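What follows is a set of notes on a single structure, which appears directly below.
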Amino acid sequence: MTATYNATSEVLAAIDRSQDEARHKLFDFLSIPSVSAQPEHAEDCAAAARWLAHEFASVGFTTELRQTPGHPIVIGHYAGPEGADAAALPHFLFYGHYDVQPADPLELWDSPPFEPQMKPGPHGPRVVARGAVDDKGQVASFLWACRAWHKTTGSLPIRITLLLEGEEEVGSANLEAFIAANKSLLKADVALISDTGMWDRTTPALTTRLRGLVYTQIDLVGPDKDLHSGMYGGAALNPINALTRILGALHDDKGRVQIPGFYQGVDDLPPALAKQWGGLGFDEGAMLSSIGLTAASGETGRTALERMWSRPTADLNGIWGGYTGVGAKTVIASHAHAKLSFRLVGRQDPAAIMAGLKQFLDARTPPGAQITVQDFGGNPAVEVSTDGPFIAAAEEALTDEYGKAPVLMGCGGSIPVVGTLKTQLGLDTILMGFGLDDDQVHSPNEKFEWSCYLGGARSHARLLAKLAELG
């Protein structure tokens with residue numbers, strides 16, 4: 001253990017000395033516009049995959065690109081330090097993604113999204129670029145830790161497999177089939193993902209709850225053509241009126257979703273966990289103020305952290321139909337459309353949610369209208385085990401780095417691969433991320449605090465040592 005501790009100290013010093021190099025590496029990665037949703041960026045996605053394969057190969061991994069019907073997957077393997085008994089070493093699978101969201105609207109960026117900048121912030125410098133924190137910066141922080149170990153000791157202390165995809169931002173359409181077809185290739189003891197956040201800038205966190213997701217589009221059709229509202233208004237069905245009336249009934253006046261069976265599988269928080277969350281000192285007013293709001297919303301009788309981490313939601317993400325251009329056009333549109341997403345918790349079943357939605361819509365569809373529902377897929381919620389030596393190693397690594405124990409927190413978002421890794425490979429996942437709530441993920445001026453990037457690299461370096469000690 002003493003030898004490992006001494007090596008860790010040297011590795012951490014190497015990370016601190018190599019910050020200029022790490023910045024250049026990160027900027028190279030962020031400069032690649034790997035937008036998976038846009039076909040014109042397919043070659044950029046391939047370039048980002050090649051960049052990762054090259055960089056991890058430079059620190060001792062055997063890497064390869066595996067083609068999929070979409071964007072390539074990067075696979076990497078590190079067999080452990082030379083001369084070590086590989087079978088006695090822990091083996092973990094590191095998952096990340098190199099694709100990013102579209103940068104639109106470009107006019108709201110203070111600097112070009114794929115020309116990364118180091119800018120001053122209230123707590124020190126920050127990197128501003130699309131993908132800075134989601135997820136290129138967090139993947140690069142792990143790469144930085146591996147580079148420091150390799151330069152300092154000539155090797156990495158444990159066995160590692162890499163699984164880096166390029167379709168996370170568009171639903172990972174090809175990932176589950178790839179994992180199912182390559183179980184032996186991806187065999188490991190535990191998975192590690194850095195695509196989550198910290199409690200705050202100086203307090204680390206391990207995420208233990210992820211909400212699931214169901215995403216749909218609702219299309220309502222009325223008359224067979226657009227109509228003049230003066231000639232037909234009051235006599236003909238207006239699809240936009242009908243759809244908005246239906247969707248306005250999604251919630252009652254207490255914020256509860258009115259879809260049949262929606263709360264089946266939703267449990268109240270265990271008292272101990274509710275007490276822990278209550279003791280975190282979360283300032284709901286400050287959170288609302290930071291996004292330009294003054295009043296809370298959502299399910300009444302629940303705390304803000306409960307509403308964001310442990311309660312299900314139904315949210316309209318877009319609604320359109322008819323004329324939306326400049327000036328007036330008095331038309332009754334023949335079609336109306338809406339995008340609707342559900343965040344799931346506990347044992348909620350995505351298929352049951354879809355069935356309940358269709359029942360809710362059928363009961364409210366007016367005569368003469370036709371409603372169809374497009375199902376864009378979904379995944380159940382995930383609760384990560386907080387027991388066992390691997391999660392304990394992560395807690396120790398973060399405690400050593402930040403001088404305080406990590407918060408065991410929930411996350412309102414979804415990371416479907418966590419469930420896939422459990423069902424397909426039997427792997428529990430350590431969710432150890434370094435983003436902050438104000439990083440503007442998916443928004444203009446996305447950023448990653450330099451202190452979080454550096455802390456992420458140092459924490460990953462410490463985790464490698466802690467896992468090696470388990471061997």
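In the structure tokens, chains take letters A, B, ... by order of appearance, with residues numbered from 1 within each chain and ligands from 1 in the order shown.
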Problem set entry | DSSP helix (DSSP H, G or I) residues within region 247-429 of chain A, as an NGL selection string | :A and (247 or 271-278 or 284-290 or 304-309 or 350-362 or 389-402 or 416-425)
For this session: Fewer than 3 positions away in the same chain doesn't count, so skip those; otherwise give me all residues within 10 Å of region 120-132 of chain A, counting only C-alpha atoms, as a ChimeraX atom specification.
Result: /A:23,26-27,29-35,97-103,109-117,135-140,201,435,439-453
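CA of Arg256 (chain A) lies 17.0 Å from CA of Leu269 (chain A).
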For this session: Quick one: everything within 12 Å of region 251-253 of chain A, counting only C-alpha atoms, minus sequence neighbours fewer than 5 positions away in the same chain. Send it as a list in words.
Result: Arg245, Ile246, Gln258, Ile259, Pro260, Phe262, Ser297, Gly298, Glu299, Thr300, Thr313, Ala314, Asp315, Leu316 and Phe360 of chain A
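Proximity ranking of A:Thr244, A:Arg462, A:Val373, A:Arg302 relative to Leu398 (chain A) places A:Arg462 first, based on only C-alpha atoms.
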Exercise: His91 (chain A) partners within 8 Å, only C-alpha atoms, chain neighbours under 2 positions left out, as a CSV table (one decimal) with C-alpha atoms, in the first residue's frame:
chain,number,residue,atom,x,y,z
A,89,LEU,CA,-6.3,-7.0,-10.4
A,93,LEU,CA,-15.2,-0.6,-17.8
A,158,ILE,CA,-5.3,-1.9,-12.9
A,159,ARG,CA,-7.1,-3.5,-15.9
A,160,ILE,CA,-9.3,-1.2,-17.9
A,161,THR,CA,-11.7,-1.5,-20.8
A,188,ALA,CA,-15.3,-6.4,-16.2
A,189,ASP,CA,-15.9,-6.1,-12.5
A,190,VAL,CA,-17.5,-2.7,-12.3
Problem set entry | Contact residues around His54 (chain A) with only C-alpha atoms at 8 Å, ignoring same-chain residues under 4 positions, as JSON, numbers by chain | {"A": [50, 58, 63]}
For this session: Might you pull out every residue within 7 Å of region 67-82 of chain A, with only C-alpha atoms counted and same-chain residues fewer than 4 positions away left off, and present them as a count of residues only?
Result: 23
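Computed from the coordinates, the CA of Ser459 (chain A) to CA of Asn182 (chain A) distance equals 29.5 Å.
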DSSP on the backbone, then: every residue of region 134-326 of chain A marked strand (DSSP E or B), written as a PDB file with C-alpha atoms, in the first residue's frame.
ATOM      1  CA  ARG A 159      -7.058  -3.495 -15.894  1.00  0.00           C
ATOM      2  CA  ILE A 160      -9.316  -1.168 -17.871  1.00  0.00           C
ATOM      3  CA  THR A 161     -11.693  -1.535 -20.810  1.00  0.00           C
ATOM      4  CA  LEU A 162     -12.938   1.521 -22.700  1.00  0.00           C
ATOM      5  CA  LEU A 163     -16.394   1.861 -24.259  1.00  0.00           C
ATOM      6  CA  LEU A 164     -16.696   5.285 -25.903  1.00  0.00           C
ATOM      7  CA  GLU A 165     -19.677   5.914 -28.169  1.00  0.00           C
ATOM      8  CA  VAL A 190     -17.549  -2.700 -12.348  1.00  0.00           C
ATOM      9  CA  ALA A 191     -18.308   0.235 -14.654  1.00  0.00           C
ATOM     10  CA  LEU A 192     -17.270   3.856 -14.219  1.00  0.00           C
ATOM     11  CA  ILE A 193     -19.044   6.791 -15.867  1.00  0.00           C
ATOM     12  CA  GLY A 197     -22.099  16.336 -11.489  1.00  0.00           C
ATOM     13  CA  ASP A 200     -21.137  22.188  -5.652  1.00  0.00           C
ATOM     14  CA  THR A 203     -18.166  19.241  -2.662  1.00  0.00           C
ATOM     15  CA  ALA A 205     -20.753  13.652  -5.289  1.00  0.00           C
ATOM     16  CA  LEU A 206     -21.595  10.140  -6.369  1.00  0.00           C
ATOM     17  CA  THR A 207     -24.884   9.860  -8.219  1.00  0.00           C
ATOM     18  CA  THR A 208     -27.015   6.960  -7.015  1.00  0.00           C
ATOM     19  CA  ARG A 209     -30.366   7.629  -8.720  1.00  0.00           C
ATOM     20  CA  LEU A 210     -31.163   8.343 -12.355  1.00  0.00           C
ATOM     21  CA  GLY A 212     -35.817   7.063 -16.691  1.00  0.00           C
ATOM     22  CA  LEU A 213     -37.300   8.551 -19.852  1.00  0.00           C
ATOM     23  CA  VAL A 214     -40.191   8.125 -22.271  1.00  0.00           C
ATOM     24  CA  TYR A 215     -40.284  10.466 -25.267  1.00  0.00           C
ATOM     25  CA  THR A 216     -43.222  10.832 -27.637  1.00  0.00           C
ATOM     26  CA  GLN A 217     -44.764  12.963 -30.351  1.00  0.00           C
ATOM     27  CA  ILE A 218     -48.514  13.506 -30.474  1.00  0.00           C
ATOM     28  CA  ASP A 219     -50.145  14.365 -33.819  1.00  0.00           C
ATOM     29  CA  LEU A 220     -53.771  15.477 -34.018  1.00  0.00           C
ATOM     30  CA  VAL A 221     -55.480  15.762 -37.423  1.00  0.00           C
ATOM     31  CA  LEU A 227     -59.413  26.520 -43.365  1.00  0.00           C
ATOM     32  CA  HIS A 228     -60.273  30.252 -43.373  1.00  0.00           C
ATOM     33  CA  HIS A 251     -51.742  17.850 -14.566  1.00  0.00           C
ATOM     34  CA  VAL A 257     -49.966  13.762 -13.643  1.00  0.00           C
ATOM     35  CA  THR A 313     -42.728  14.242 -14.464  1.00  0.00           C
ATOM     36  CA  ALA A 314     -44.601  14.949 -17.690  1.00  0.00           C
ATOM     37  CA  ASP A 315     -43.332  17.899 -19.721  1.00  0.00           C
ATOM     38  CA  LEU A 316     -44.258  19.393 -23.054  1.00  0.00           C
ATOM     39  CA  ASN A 317     -41.011  20.001 -24.953  1.00  0.00           C
ATOM     40  CA  GLY A 318     -42.506  21.554 -28.076  1.00  0.00           C
ATOM     41  CA  ILE A 319     -45.857  22.379 -29.635  1.00  0.00           C
ATOM     42  CA  TRP A 320     -46.663  23.634 -33.108  1.00  0.00           C
TER      43      TRP A 320
END
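The residue that comes closest to Arg17 (chain A), out of A:Asn379, A:Thr386, A:Gln348, A:Thr152 and on the basis of only C-alpha atoms, is A:Thr152.
Distance annotation: of A:Ala405, A:Leu361, A:Leu175, A:Leu340, the residue with the minimal separation from Leu421 (chain A) is A:Leu175; atom set is only C-alpha atoms.
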